[in-house]
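Student: If you scroll down you'll find the structure; I have some questions about it.
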Amino acid sequence: MSETAERRERLVLPVLPLREVVLFPGTTVPIGAGRPGTLRAIEAALADPERRIFAVSQRQNVEQVSAEGLYTIGTIARIGQLQRGLAGMQLLLNGESRGIAMHMGDKNGYLEAIVREAEEMQPLGPEDPAFVALYREARARAGELGQKSGLPEEVVQQVLAGVADPGRFADLVAGYLDVAPLERQALLETLSVEERLRRVLVHIQRQIAVLDAQEDIKSQVQEELGERQRELFLREQLKQIRRELGEDDERGDLQELQEKLAALELPPEARKEVDRELARLERIGRESMEAQVIRTFLDNVAELPWNRRSEESLDLSRAQTILDEDHYALGDVKDRVLEFLAVRQLREESERRESARRAAAALEEAPPAPDGSAAGSAREGTQAAAASPPDEAAPPAGGEEPAAQPSPKVERREKAAKGPILLFAGPPGVGKTSVAKSIARAMGREYVRISLGGARDEADIRGHRRTYVGAMPGRILQGMKQAGTRNPVFLLDEVDKLGVSFQGDPASALLEVLDPAQNDSFVDHYLGVPFDLSEVLFICTANFMQNIPGPLLDRMEVVEFSGYTEREKLMIARNYLIPRQRREHGMTEDQIVLADGAVSEVIASYTREAGVRQLEREIGKLCRKVARRIAARDVERVEVTRELVDELLGRPKVHPEHAAREDRVGVATGMYYTPVGGDIMFVEASVMRGKGELLLTGQLGDVMKESARAALTYARSHAAGLHIREDAIGERDVHIHVPAGAIPKDGPSAGVTMATALVSVLSGRPVRHDIAMTGEITLRGDVLPIGGVKEKVLGAVRAGIARIILPLKNEPDLEDLPAEVRETIEVYPVENLGQVLALALRGATFREGRLLSGDQSPGDVAPLQAYHH
């Protein structure tokens, strides 16, 4: 007997039972092992240096395996890569050759077999034409099957080119065939290479035919089924999958939605629309494309607050406490808000009294009963009506209700129609949005805010019609869903920044929303039925009222927010901003202290605004600088002083104007207003030889140019009374310049300033540097009133000027100034330009309430009296 045959007869290997898997020689298969016997067999194979094992398939897929449950012919394999885990082992088996189990038995808890390598039956001759044709056909069909299965042609040719032996080729292809385990085992047990190759070719042809049939069916189905049928087919498949997984909750969701809609107290129109859409949804089923649109609509209806309200709390003392806690200053605004709440409180009390009166009237009209039951029940109804809110007033006894009396709901709407829509107008950062939030907290209502800045589509307000793909409700109804109640405080922010485009005008759509006489039946395009907004407290905010369309502005009551004074900013920083920034930066009161002088320096030199947003950012920057020093253990405590501010924040960013140091000819000090506060400006005038022309520079607007021409006309027509020589006007050009030429300027309030500078340069008299002025002039020299008095005066005081010239008709506006400012200034109300010149030009004297200047007689100047607080 040869050595090879001896080795075949005496090969003893551990047995690896395979379930539903057949390993062929020349192939590699990943195996997961977890049974104890299998793990012991693998460990025994790993103990052998060659790491061989006998892999044989089970006759049945059972957990417990025995020698009788295994096939006789298997594959002698070598264990490749191996990975251990908590659930067992993952390993790669590399098939080497066929093996026949001569004997199989248990050993130490696993199966062991005496295996002999099987001898394959080669063809009669390698040049047999029939065998060569069979082999070539099998290779060709194998390549075709690989390509039809989706493998790249290059990969298929590379795999086939790596095997030249017919037997190995048959085993390689058999390892990739999609056939049952019994047929794979039969291929493994076929020792004749020619017969095995013929069987493999049959399986290849069969799988190619199946793939061709599938391709033909797929093409026919795609031609017959449109997009909708395809979606229906996929949804049916999805439904079957969900049913198999136990996730079929379609009916449960629909029933839950029906219960939600049934619990809503909908108006008749809305109830009719909801019932119609619900019936359509049940009829067409969820498979239709329309079903998702209907379901989304019904979900939106169910989420709207049709009958949910917040309990109001109209306690004025509590409301005032909340406003004072949340905001410093803003006295006029707080008064207006408290007046608004007081009116609502009295209105609610009036409704309760009226409800009690109606119940008492019903009691008197009720027929008497012998046992007094009707009267007793009516008295109980009266008491209940007096104790309950108007919406829940008890009906009169006897079950009858007077038809002539309006329902409480109708009366509430009529009274709500008289409630104003508030518009908070003012510069940015003065507390408009936060005041609205405080109102909601004081009233115990929900608060919702939407920003309308940049909105250019009417659909933003009214929503899209459901015929459009991706339609949704407008932002008004979305805000109501967010609030969850039908009586929230609804803030419409930045209504002055609404745009207009070809898609419509959102400002026009707001007319219905903000009209108390119409918004009880607001119709959103998406909803399609009326929704009651009459109980919503709408508050709008704006920076520039002139940008709001007139019809929209007419529906709102304006509450003006003016800028804060420096003292108010200091108090706000001390009480609100500094503690908040200290908390946000993780510091305590002992670690950072900001002196009042430091805060004042930040206000004056690093911010220029009417509100306090930039001030809070600068305070936050200070806190960051200090926090870095404390975190680096450089210091433990920092007291920020005025001198330290420059070191921490760098050079000042704002350079406000300051009062001039001396009187100058042709230079007058005016005042102007901007949304970020008031300030002073210098108007310069100069004369030169020329043709009598007027030159204007400094980016002046048309109104300022007209004021300059009016001033020149006044000076020429009153040249004698103003002591102006004729040669100073006739052949000389006049040049008026307003510095800061990069900034556009316009408005009529610089008229008196231009006239004063012009008369000064023409008459040669200097203008007092300690007086600032504002007012519009006419050709006759009358001084007309202007706006922004508070901001202009505060700007002059900030610049160091304590004497102010104002139009006489603006004298009531001085009451808007803080008391501490009124005590430090002198204001001169004037009616004509002669009074202005008498006050502003040097050379005048003040005696017995009259200003005398040069050759002027006392009668030429009207009596003036400085305004003192």
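Residue numbers start at 1 in each chain; chains themselves are named A, B, ... in the order of the structure tokens; ligands are numbered from 1 in the order shown.
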Tell me, as a VMD selection string, which residues lie within 9 Å of stretch 750-762 of chain A, counting only C-alpha atoms; anything in the same chain fewer than 3 positions away does not count.

Tutor: chain A and resid 664 to 672 682 to 687 704 706 to 708 710 to 712 714 to 715 719 722 to 725 728 to 729 734 to 736 746 to 747 765 to 767 772 to 778 783 833 836 to 837 840 to 841

Student: Okay, now the selection with N, CA and C atoms, as a compact mmCIF listing (two decimals), in the first residue's frame?

Tutor:
# COMPACT_ATOMS: atom_id res chain seq x y z
N ARG A 664 -18.33 131.78 17.31
CA ARG A 664 -17.71 131.96 15.98
C ARG A 664 -18.74 132.54 15.04
N VAL A 665 -18.25 133.31 14.08
CA VAL A 665 -19.12 133.89 13.06
C VAL A 665 -19.45 132.82 12.03
N GLY A 666 -20.73 132.68 11.73
CA GLY A 666 -21.17 131.76 10.68
C GLY A 666 -21.26 130.32 11.11
N VAL A 667 -21.16 130.00 12.39
CA VAL A 667 -21.27 128.63 12.88
C VAL A 667 -22.35 128.59 13.96
N ALA A 668 -23.45 127.89 13.67
CA ALA A 668 -24.56 127.77 14.62
C ALA A 668 -24.72 126.30 15.00
N THR A 669 -25.22 126.08 16.21
CA THR A 669 -25.39 124.73 16.74
C THR A 669 -26.86 124.32 16.62
N GLY A 670 -27.11 123.26 15.89
CA GLY A 670 -28.46 122.73 15.74
C GLY A 670 -28.60 121.40 16.44
N MET A 671 -29.79 120.85 16.38
CA MET A 671 -30.08 119.55 16.99
C MET A 671 -30.81 118.70 15.96
N TYR A 672 -30.55 117.39 15.99
CA TYR A 672 -31.22 116.49 15.05
C TYR A 672 -31.59 115.20 15.75
N PHE A 682 -23.31 121.06 13.72
CA PHE A 682 -22.89 122.42 13.45
C PHE A 682 -23.19 122.75 11.99
N VAL A 683 -23.81 123.89 11.79
CA VAL A 683 -24.10 124.40 10.45
C VAL A 683 -23.15 125.56 10.19
N GLU A 684 -22.35 125.45 9.14
CA GLU A 684 -21.34 126.45 8.82
C GLU A 684 -21.78 127.24 7.58
N ALA A 685 -21.58 128.55 7.63
CA ALA A 685 -21.91 129.42 6.50
C ALA A 685 -20.71 130.30 6.20
N SER A 686 -20.49 130.56 4.92
CA SER A 686 -19.37 131.40 4.50
C SER A 686 -19.79 132.18 3.26
N VAL A 687 -19.20 133.39 3.09
CA VAL A 687 -19.49 134.22 1.91
C VAL A 687 -18.20 134.46 1.14
N MET A 704 -33.99 120.06 3.35
CA MET A 704 -32.97 120.94 3.95
C MET A 704 -32.53 122.01 2.95
N GLU A 706 -34.39 123.36 0.66
CA GLU A 706 -35.44 124.37 0.64
C GLU A 706 -35.40 125.25 1.88
N SER A 707 -35.05 124.68 3.03
CA SER A 707 -34.91 125.49 4.25
C SER A 707 -33.79 126.51 4.10
N ALA A 708 -32.68 126.10 3.46
CA ALA A 708 -31.58 127.03 3.26
C ALA A 708 -31.98 128.17 2.32
N ALA A 710 -35.01 129.33 1.89
CA ALA A 710 -35.94 130.18 2.65
C ALA A 710 -35.18 131.09 3.61
N ALA A 711 -34.14 130.57 4.24
CA ALA A 711 -33.35 131.39 5.15
C ALA A 711 -32.65 132.53 4.40
N LEU A 712 -32.09 132.22 3.20
CA LEU A 712 -31.42 133.26 2.43
C LEU A 712 -32.44 134.33 1.98
N TYR A 714 -35.17 135.17 3.52
CA TYR A 714 -35.52 135.98 4.69
C TYR A 714 -34.42 137.00 4.99
N ALA A 715 -33.16 136.55 4.89
CA ALA A 715 -32.06 137.47 5.19
C ALA A 715 -32.02 138.62 4.19
N ALA A 719 -32.75 142.57 5.28
CA ALA A 719 -31.34 142.95 5.42
C ALA A 719 -31.18 144.20 6.27
N LEU A 722 -31.72 143.53 9.94
CA LEU A 722 -30.71 142.62 10.50
C LEU A 722 -29.31 143.20 10.44
N HIS A 723 -29.19 144.50 10.03
CA HIS A 723 -27.89 145.18 9.94
C HIS A 723 -26.95 144.45 8.98
N ILE A 724 -27.47 144.08 7.80
CA ILE A 724 -26.66 143.42 6.77
C ILE A 724 -26.45 144.44 5.65
N ARG A 725 -25.19 144.69 5.29
CA ARG A 725 -24.89 145.64 4.23
C ARG A 725 -25.31 145.08 2.88
N ALA A 728 -22.88 142.98 0.99
CA ALA A 728 -22.62 141.64 1.52
C ALA A 728 -23.51 140.60 0.87
N ILE A 729 -24.55 141.07 0.17
CA ILE A 729 -25.49 140.12 -0.43
C ILE A 729 -25.42 140.15 -1.95
N VAL A 734 -22.97 132.62 -1.33
CA VAL A 734 -23.12 132.11 0.04
C VAL A 734 -22.99 130.59 -0.01
N HIS A 735 -22.14 130.06 0.85
CA HIS A 735 -21.90 128.61 0.93
C HIS A 735 -22.31 128.12 2.33
N ILE A 736 -23.26 127.16 2.36
CA ILE A 736 -23.71 126.55 3.62
C ILE A 736 -23.29 125.08 3.59
N ASP A 746 -31.64 115.21 6.11
CA ASP A 746 -32.83 115.83 5.55
C ASP A 746 -33.77 116.16 6.69
N GLY A 747 -34.76 117.01 6.39
CA GLY A 747 -35.74 117.40 7.37
C GLY A 747 -35.80 118.91 7.52
N ARG A 765 -21.78 139.07 12.99
CA ARG A 765 -21.97 138.86 14.41
C ARG A 765 -21.75 137.38 14.76
N PRO A 766 -21.01 137.08 15.79
CA PRO A 766 -20.79 135.68 16.19
C PRO A 766 -22.05 135.07 16.82
N VAL A 767 -22.12 133.75 16.71
CA VAL A 767 -23.24 132.99 17.30
C VAL A 767 -22.77 132.40 18.62
N ALA A 772 -28.22 125.72 21.66
CA ALA A 772 -28.59 124.83 20.56
C ALA A 772 -30.03 125.13 20.19
N MET A 773 -30.36 124.95 18.92
CA MET A 773 -31.68 125.37 18.44
C MET A 773 -32.22 124.37 17.45
N THR A 774 -33.53 124.39 17.26
CA THR A 774 -34.21 123.56 16.28
C THR A 774 -35.55 124.19 15.96
N GLY A 775 -36.03 124.00 14.75
CA GLY A 775 -37.31 124.56 14.34
C GLY A 775 -37.34 124.80 12.84
N GLU A 776 -38.55 124.74 12.29
CA GLU A 776 -38.75 125.00 10.87
C GLU A 776 -39.11 126.48 10.68
N ILE A 777 -38.65 127.07 9.57
CA ILE A 777 -38.93 128.48 9.32
C ILE A 777 -39.74 128.64 8.05
N THR A 778 -40.39 129.77 7.96
CA THR A 778 -41.13 130.15 6.75
C THR A 778 -40.47 131.39 6.15
N VAL A 783 -41.53 130.50 13.12
CA VAL A 783 -40.88 129.25 13.54
C VAL A 783 -41.99 128.24 13.82
N LEU A 833 -38.30 134.17 13.79
CA LEU A 833 -36.86 134.12 13.63
C LEU A 833 -36.18 135.32 14.29
N VAL A 836 -35.21 134.28 17.65
CA VAL A 836 -34.07 133.35 17.62
C VAL A 836 -32.76 134.12 17.47
N LEU A 837 -32.73 135.08 16.54
CA LEU A 837 -31.51 135.83 16.30
C LEU A 837 -31.15 136.68 17.50
N ALA A 840 -29.55 134.17 19.90
CA ALA A 840 -28.37 133.43 19.49
C ALA A 840 -27.19 134.30 19.11
N LEU A 841 -27.40 135.52 18.62
CA LEU A 841 -26.29 136.35 18.16
C LEU A 841 -25.73 137.17 19.30

Student: In stretch 542-582 of chain A, what's strand (DSSP E) per DSSP? Answer as a list in words?

Tutor: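 Strand (DSSP E) assignments inside stretch 542-582 of chain A correspond to Ala542, Met556, Glu557, Val558, Val559 and Glu560 of chain A.
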
Student: Please provide as a list in words all residues within 10 Å of A:Thr607, with the sequence filter that same-chain residues fewer than 5 positions apart are discarded (counting only C-alpha atoms).

Tutor: Glu601, Val602, Val612, Arg613, Gln614, Leu615, Glu616, Arg617, Glu618, Pro652, Lys653, Val654, His655 and Val676 of chain A

Student: Could you write out the selected residues, including N, CA and C atoms, as a CSV table (one decimal), in the first residue's frame?

Tutor:
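Contents of out.csv, freshly written:
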chain,number,residue,atom,x,y,z
A,601,GLU,N,-19.1,105.4,31.1
A,601,GLU,CA,-18.1,105.5,30.0
A,601,GLU,C,-18.5,104.6,28.8
A,602,VAL,N,-18.9,103.4,29.1
A,602,VAL,CA,-19.4,102.5,28.1
A,602,VAL,C,-20.5,103.1,27.3
A,612,VAL,N,-30.7,99.3,24.6
A,612,VAL,CA,-29.6,98.8,25.4
A,612,VAL,C,-29.0,97.5,24.9
A,613,ARG,N,-29.3,97.1,23.7
A,613,ARG,CA,-28.7,95.9,23.2
A,613,ARG,C,-27.2,96.0,23.0
A,614,GLN,N,-26.7,97.0,22.4
A,614,GLN,CA,-25.3,97.2,22.2
A,614,GLN,C,-24.6,97.4,23.6
A,615,LEU,N,-25.3,98.0,24.5
A,615,LEU,CA,-24.7,98.2,25.9
A,615,LEU,C,-24.6,96.8,26.5
A,616,GLU,N,-25.5,96.0,26.4
A,616,GLU,CA,-25.4,94.6,27.0
A,616,GLU,C,-24.3,93.8,26.3
A,617,ARG,N,-24.1,94.0,25.0
A,617,ARG,CA,-23.0,93.3,24.3
A,617,ARG,C,-21.6,93.8,24.9
A,618,GLU,N,-21.5,95.1,25.1
A,618,GLU,CA,-20.2,95.6,25.6
A,618,GLU,C,-20.0,95.2,27.0
A,652,PRO,N,-12.2,104.1,22.2
A,652,PRO,CA,-13.7,104.3,22.0
A,652,PRO,C,-14.1,104.2,20.6
A,653,LYS,N,-15.3,103.7,20.4
A,653,LYS,CA,-15.9,103.4,19.1
A,653,LYS,C,-16.8,104.6,18.7
A,654,VAL,N,-17.3,105.4,19.6
A,654,VAL,CA,-18.3,106.4,19.3
A,654,VAL,C,-17.7,107.8,19.7
A,655,HIS,N,-17.8,108.7,18.8
A,655,HIS,CA,-17.2,110.0,19.0
A,655,HIS,C,-18.4,111.1,18.9
A,676,VAL,N,-31.6,106.2,16.8
A,676,VAL,CA,-30.8,105.7,17.9
A,676,VAL,C,-30.6,106.9,18.9

Student: Give me every helix (DSSP H, G or I) residue in stretch 92-315 of chain A, going by DSSP on the backbone, as JSON, numbers by chain.

Tutor: {"A": [129, 130, 131, 132, 133, 134, 135, 136, 137, 138, 139, 140, 141, 142, 143, 144, 145, 146, 147, 148, 153, 154, 155, 156, 157, 158, 159, 160, 161, 166, 167, 168, 169, 170, 171, 172, 173, 174, 175, 176, 181, 182, 183, 184, 185, 186, 187, 188, 189, 193, 194, 195, 196, 197, 198, 199, 200, 201, 202, 203, 204, 205, 206, 207, 208, 209, 210, 211, 212, 213, 214, 215, 216, 217, 218, 219, 220, 221, 222, 223, 224, 227, 228, 229, 230, 231, 232, 233, 234, 235, 236, 237, 238, 239, 240, 241, 242, 243, 244, 245, 250, 251, 252, 253, 254, 255, 256, 257, 258, 259, 260, 261, 262, 263, 268, 269, 270, 271, 272, 273, 274, 275, 276, 277, 278, 279, 280, 281, 282, 283, 284, 289, 290, 291, 292, 293, 294, 295, 296, 297, 298, 299, 300, 301, 302, 303]}

Student: Excluding A:Val115 and residues on its chain fewer than 3 positions from it, collect all residues at most 10 Å away from it, counting only C-alpha atoms, and give them as a list in words.

Tutor: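 Surrounding residues, per the criterion: Arg7, Arg8, Glu9, Arg10, Leu11, Val12, Leu13, Pro14, Val15, Phe54, Thr72, Ile73, Gly74, Thr75, Ile76, Arg98, Gly99, Ile100, Ala101, Met102, His103, Met104, Glu112 and Ala118 of chain A.
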
Student: Generate a file of the selected residues that holds N, CA, C and O atoms, formatted as a tab-separated table (two decimals), in the first residue's frame.

Tutor:
chain	number	residue	atom	x	y	z
A	7	ARG	N	-2.04	7.35	4.38
A	7	ARG	CA	-2.41	8.62	5.03
A	7	ARG	C	-3.90	8.84	4.93
A	7	ARG	O	-4.54	9.33	5.85
A	8	ARG	N	-4.52	8.46	3.80
A	8	ARG	CA	-5.95	8.62	3.65
A	8	ARG	C	-6.70	7.73	4.62
A	8	ARG	O	-7.69	8.11	5.20
A	9	GLU	N	-6.24	6.55	4.85
A	9	GLU	CA	-6.95	5.63	5.71
A	9	GLU	C	-6.83	6.01	7.18
A	9	GLU	O	-7.73	5.71	7.96
A	10	ARG	N	-5.80	6.66	7.58
A	10	ARG	CA	-5.56	6.91	9.00
A	10	ARG	C	-5.76	8.39	9.38
A	10	ARG	O	-5.27	8.82	10.40
A	11	LEU	N	-6.47	9.20	8.57
A	11	LEU	CA	-6.69	10.62	8.88
A	11	LEU	C	-7.82	10.75	9.91
A	11	LEU	O	-8.96	10.35	9.65
A	12	VAL	N	-7.48	11.20	11.11
A	12	VAL	CA	-8.45	11.38	12.20
A	12	VAL	C	-8.67	12.87	12.42
A	12	VAL	O	-7.71	13.59	12.77
A	13	LEU	N	-9.91	13.34	12.27
A	13	LEU	CA	-10.20	14.78	12.34
A	13	LEU	C	-11.43	15.04	13.19
A	13	LEU	O	-12.37	14.23	13.22
A	14	PRO	N	-11.46	16.21	13.88
A	14	PRO	CA	-12.70	16.62	14.56
A	14	PRO	C	-13.77	16.92	13.52
A	14	PRO	O	-13.48	17.33	12.39
A	15	VAL	N	-15.02	16.71	13.89
A	15	VAL	CA	-16.15	16.89	12.96
A	15	VAL	C	-16.83	18.22	13.26
A	15	VAL	O	-17.16	18.52	14.42
A	54	PHE	N	-13.07	18.26	9.71
A	54	PHE	CA	-13.93	17.61	8.73
A	54	PHE	C	-15.30	18.29	8.78
A	54	PHE	O	-16.06	18.14	9.74
A	72	THR	N	-22.25	11.14	5.05
A	72	THR	CA	-20.97	10.42	5.09
A	72	THR	C	-19.88	11.21	4.38
A	72	THR	O	-18.72	11.23	4.82
A	73	ILE	N	-20.23	11.84	3.28
A	73	ILE	CA	-19.25	12.58	2.49
A	73	ILE	C	-19.30	14.04	2.89
A	73	ILE	O	-20.38	14.66	2.92
A	74	GLY	N	-18.16	14.61	3.20
A	74	GLY	CA	-18.03	16.03	3.54
A	74	GLY	C	-16.78	16.60	2.91
A	74	GLY	O	-16.28	16.08	1.90
A	75	THR	N	-16.25	17.61	3.53
A	75	THR	CA	-15.08	18.30	2.98
A	75	THR	C	-14.03	18.45	4.07
A	75	THR	O	-14.34	18.90	5.19
A	76	ILE	N	-12.82	18.05	3.72
A	76	ILE	CA	-11.69	18.29	4.63
A	76	ILE	C	-11.29	19.75	4.44
A	76	ILE	O	-10.93	20.19	3.35
A	98	ARG	N	-12.47	16.48	-0.91
A	98	ARG	CA	-13.59	15.70	-0.43
A	98	ARG	C	-13.08	14.64	0.54
A	98	ARG	O	-11.97	14.13	0.40
A	99	GLY	N	-13.93	14.33	1.49
A	99	GLY	CA	-13.56	13.29	2.45
A	99	GLY	C	-14.73	12.36	2.71
A	99	GLY	O	-15.89	12.79	2.70
A	100	ILE	N	-14.44	11.07	2.97
A	100	ILE	CA	-15.45	10.07	3.28
A	100	ILE	C	-15.21	9.62	4.71
A	100	ILE	O	-14.10	9.20	5.06
A	101	ALA	N	-16.23	9.72	5.56
A	101	ALA	CA	-16.11	9.31	6.95
A	101	ALA	C	-16.22	7.79	7.03
A	101	ALA	O	-17.29	7.23	6.74
A	102	MET	N	-15.12	7.14	7.44
A	102	MET	CA	-15.13	5.70	7.59
A	102	MET	C	-15.75	5.31	8.92
A	102	MET	O	-16.43	4.28	9.02
A	103	HIS	N	-15.52	6.13	9.93
A	103	HIS	CA	-16.11	5.88	11.25
A	103	HIS	C	-16.26	7.22	11.95
A	103	HIS	O	-15.44	8.13	11.80
A	104	MET	N	-17.31	7.35	12.77
A	104	MET	CA	-17.57	8.62	13.46
A	104	MET	C	-18.08	8.31	14.86
A	104	MET	O	-18.95	7.44	15.04
A	112	GLU	N	-15.69	12.95	16.45
A	112	GLU	CA	-14.41	12.75	15.78
A	112	GLU	C	-14.61	11.64	14.74
A	112	GLU	O	-15.32	10.67	14.99
A	118	ALA	N	-11.50	11.30	-0.66
A	118	ALA	CA	-12.21	10.65	-1.77
A	118	ALA	C	-11.41	10.81	-3.06
A	118	ALA	O	-10.81	11.86	-3.32
